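Engineer: Provided below: input_33.cif, containing mmCIF, C-alpha atoms.
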data_final
#
loop_
_atom_site.label_atom_id
_atom_site.label_comp_id
_atom_site.auth_asym_id
_atom_site.auth_seq_id
_atom_site.Cartn_x
_atom_site.Cartn_y
_atom_site.Cartn_z
CA MET A 146 -0.34 9.69 21.01
CA ARG A 147 1.71 12.74 21.89
CA TYR A 148 4.74 10.58 22.60
CA VAL A 149 4.48 8.85 19.24
CA ALA A 150 4.04 12.22 17.52
CA ALA A 151 7.12 13.60 19.26
CA TYR A 152 9.06 10.47 18.33
CA LEU A 153 8.06 10.91 14.68
CA LEU A 154 9.03 14.59 14.78
CA ALA A 155 12.47 13.63 16.07
CA VAL A 156 12.86 11.04 13.30
CA LEU A 157 11.76 13.56 10.67
CA GLY A 158 14.30 15.98 12.12
CA GLY A 159 17.09 13.54 11.33
CA ASN A 160 17.44 11.62 14.60
CA ALA A 161 17.02 7.99 13.50
CA ASN A 162 16.88 6.66 17.07
CA PRO A 163 15.50 9.31 19.48
CA SER A 164 16.02 8.86 23.20
CA ALA A 165 13.57 9.59 25.99
CA LYS A 166 15.39 12.87 26.63
CA ASP A 167 14.96 13.92 22.99
CA ILE A 168 11.23 13.30 23.18
CA LYS A 169 10.98 15.12 26.54
CA ASP A 170 12.74 18.12 24.99
CA ILE A 171 10.27 18.18 22.09
CA LEU A 172 7.24 17.89 24.38
CA SER A 173 8.51 20.47 26.87
CA SER A 174 9.07 22.95 24.02
CA VAL A 175 5.28 23.10 23.60
CA GLY A 176 4.47 23.02 27.31
CA ILE A 177 3.65 19.32 27.74
CA GLU A 178 5.02 17.47 30.73
CA ALA A 179 6.02 13.92 29.81
CA GLU A 180 5.13 10.92 31.94
CA ASP A 181 8.21 8.74 32.26
CA GLU A 182 6.34 5.42 32.23
CA ARG A 183 4.53 6.09 28.97
CA LEU A 184 7.54 7.74 27.40
CA ASN A 185 9.78 4.79 28.20
CA LYS A 186 7.16 2.40 26.81
CA VAL A 187 7.14 4.21 23.44
CA VAL A 188 10.94 4.43 23.29
CA SER A 189 11.40 0.76 24.23
CA GLU A 190 8.83 -0.42 21.65
CA LEU A 191 10.34 1.64 18.82
CA ASN A 192 14.01 1.39 19.81
CA GLY A 193 16.13 -0.06 17.01
CA LYS A 194 13.25 -0.31 14.55
CA ASP A 195 12.99 1.47 11.22
CA ILE A 196 10.02 3.82 11.58
CA ASN A 197 9.02 3.37 7.93
CA GLU A 198 8.77 -0.40 8.40
CA VAL A 199 6.70 0.08 11.56
CA MET A 200 4.28 2.39 9.76
CA ASN A 201 4.00 0.06 6.75
CA SER A 202 3.20 -2.91 8.98
CA GLY A 203 0.54 -0.78 10.68
CA LEU A 204 -0.99 0.13 7.34
CA SER A 205 -1.38 -3.52 6.42
CA LYS A 206 -3.20 -4.09 9.73
CA LEU A 207 -5.50 -1.12 9.08
CA ALA A 208 -6.46 -2.52 5.71
CA SER A 209 -8.43 -5.27 7.45
CA VAL A 210 -10.42 -2.83 9.62
CA PRO A 211 -13.89 -2.06 8.26
CA ALA A 212 -14.47 1.64 7.76
CA GLY A 213 -17.93 2.97 7.06
CA GLY A 214 -19.22 -0.11 5.29
CA ALA A 215 -21.84 -0.99 7.91
CA VAL A 216 -24.63 0.91 6.15
CA ALA A 217 -23.94 -0.56 2.74
CA ALA A 218 -23.96 -4.18 3.92
CA PRO A 219 -27.65 -4.33 5.01
CA ALA A 220 -28.71 -2.52 1.84
CA ALA A 221 -26.76 -5.00 -0.28
CA ALA A 222 -28.31 -7.92 1.61
CA ALA A 223 -31.80 -6.53 1.05
CA ALA A 224 -31.11 -6.04 -2.65
CA ALA A 225 -29.85 -9.61 -2.88
CA ALA A 226 -33.11 -10.83 -1.33
CA GLY A 227 -34.89 -9.15 -4.25
CA GLY A 228 -38.53 -8.19 -4.76
CA ALA A 229 -40.23 -5.86 -2.30
CA ALA A 230 -37.39 -6.20 0.17
CA GLY A 231 -35.14 -4.26 -2.19
CA ALA A 232 -37.71 -1.50 -2.65
CA ALA A 233 -38.27 -0.93 1.09
CA PRO A 234 -34.80 0.45 1.91
CA ALA A 235 -34.98 2.79 -1.08
CA ALA A 236 -38.30 4.19 0.16
CA VAL A 237 -36.83 4.75 3.63
CA GLU A 238 -33.86 6.61 2.14
CA GLU A 239 -36.17 8.84 0.08
CA LYS A 240 -38.16 9.77 3.20
CA LYS A 241 -34.94 10.66 5.04
CA GLU A 242 -33.83 12.88 2.18
CA GLU A 243 -37.22 14.64 2.12
CA LYS A 244 -36.95 15.35 5.85
CA LYS A 245 -33.46 16.80 5.39
CA GLU A 246 -34.67 19.07 2.61
CA GLU A 247 -37.57 20.31 4.73
CA SER A 248 -35.26 21.18 7.62
CA GLU A 249 -32.94 23.08 5.30
CA GLU A 250 -35.85 25.07 3.92
CA SER A 251 -37.08 25.96 7.40
CA ASP A 252 -33.62 27.31 8.26
CA GLU A 253 -33.88 29.76 5.37
CA ASP A 254 -37.05 31.28 6.85
CA MET A 255 -35.27 32.59 9.94
CA GLY A 256 -35.09 36.13 8.53
CA PHE A 257 -31.36 36.42 8.04
CA GLY A 258 -28.68 34.81 5.93
CA LEU A 259 -25.18 33.73 6.67
CA PHE A 260 -23.63 36.27 4.32
CA ASP A 261 -25.96 39.29 4.83
#
With the file now loaded, output its structure as structure tokens.
Structural biologist:
Amino acid sequence: MRYVAAYLLAVLGGNANPSAKDIKDILSSVGIEAEDERLNKVVSELNGKDINEVMNSGLSKLASVPAGGAVAAPAAAAAAAGGAAGAAPAAVEEKKEEKKEESEESDEDMGFGLFD
């Protein structure tokens, strides 16, 4: 990741096609020793490519990755089943919220506040 970040810094600095030496200079300026094998891999993969096109193609790949929807899917399936099955997840969620509220209240009884 550090090699890609250094590559992007070089591109943002105006160097459209940074070399391995350019990236080493950036990394060494913050005290990071570059590994030649990994550095050469990044440079060879990105050499001659427009960085904006590379990032845009990556964004389209990320669009297909699920992010945080795992909890909503079972709840939606239960609601689709209808009847008591839809009421059960709601009751579980209410119990969880009550437990959270109780723990917050018990924290207030410790005898001191954050901003005292």
Engineer: Fewer than 4 positions away in the same chain doesn't count, so skip those; otherwise give me all residues within 12 Å of segment 174-182 of chain A, counting all atoms listed in the file, as a PDB file with C-alpha atoms, in the coordinates of the input.
Structural biologist:
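After the write, out37.pdb holds the following:
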ATOM      1  CA  MET A 146      -0.340   9.690  21.010  1.00  0.00           C
ATOM      2  CA  ARG A 147       1.710  12.740  21.890  1.00  0.00           C
ATOM      3  CA  TYR A 148       4.740  10.580  22.600  1.00  0.00           C
ATOM      4  CA  VAL A 149       4.480   8.850  19.240  1.00  0.00           C
ATOM      5  CA  ALA A 151       7.120  13.600  19.260  1.00  0.00           C
ATOM      6  CA  SER A 164      16.020   8.860  23.200  1.00  0.00           C
ATOM      7  CA  ALA A 165      13.570   9.590  25.990  1.00  0.00           C
ATOM      8  CA  LYS A 166      15.390  12.870  26.630  1.00  0.00           C
ATOM      9  CA  ASP A 167      14.960  13.920  22.990  1.00  0.00           C
ATOM     10  CA  ILE A 168      11.230  13.300  23.180  1.00  0.00           C
ATOM     11  CA  LYS A 169      10.980  15.120  26.540  1.00  0.00           C
ATOM     12  CA  ASP A 170      12.740  18.120  24.990  1.00  0.00           C
ATOM     13  CA  LYS A 186       7.160   2.400  26.810  1.00  0.00           C
ATOM     14  CA  VAL A 187       7.140   4.210  23.440  1.00  0.00           C
ATOM     15  CA  VAL A 188      10.940   4.430  23.290  1.00  0.00           C
ATOM     16  CA  SER A 189      11.400   0.760  24.230  1.00  0.00           C
TER      17      SER A 189
END
Engineer: Expressed in Å to a single decimal, how great is the separation between atom CA of Leu204 of chain A and atom CA of Ser173 of chain A?
Structural biologist: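 Value for the atom CA of Leu204 of chain A-atom CA of Ser173 of chain A distance: 29.8 Å.
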Engineer: What is the distance between atom CA of Asn185 of chain A and atom CA of Ala208 of chain A, in Å to one decimal?
Structural biologist: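 Distance reported for this atom pair: 28.7 Å.
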Engineer: Quote the spacing between atom CA of Met200 of chain A and atom CA of Pro163 of chain A in Å to one decimal place.
Structural biologist: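 Value for the atom CA of Met200 of chain A-atom CA of Pro163 of chain A distance: 16.4 Å.
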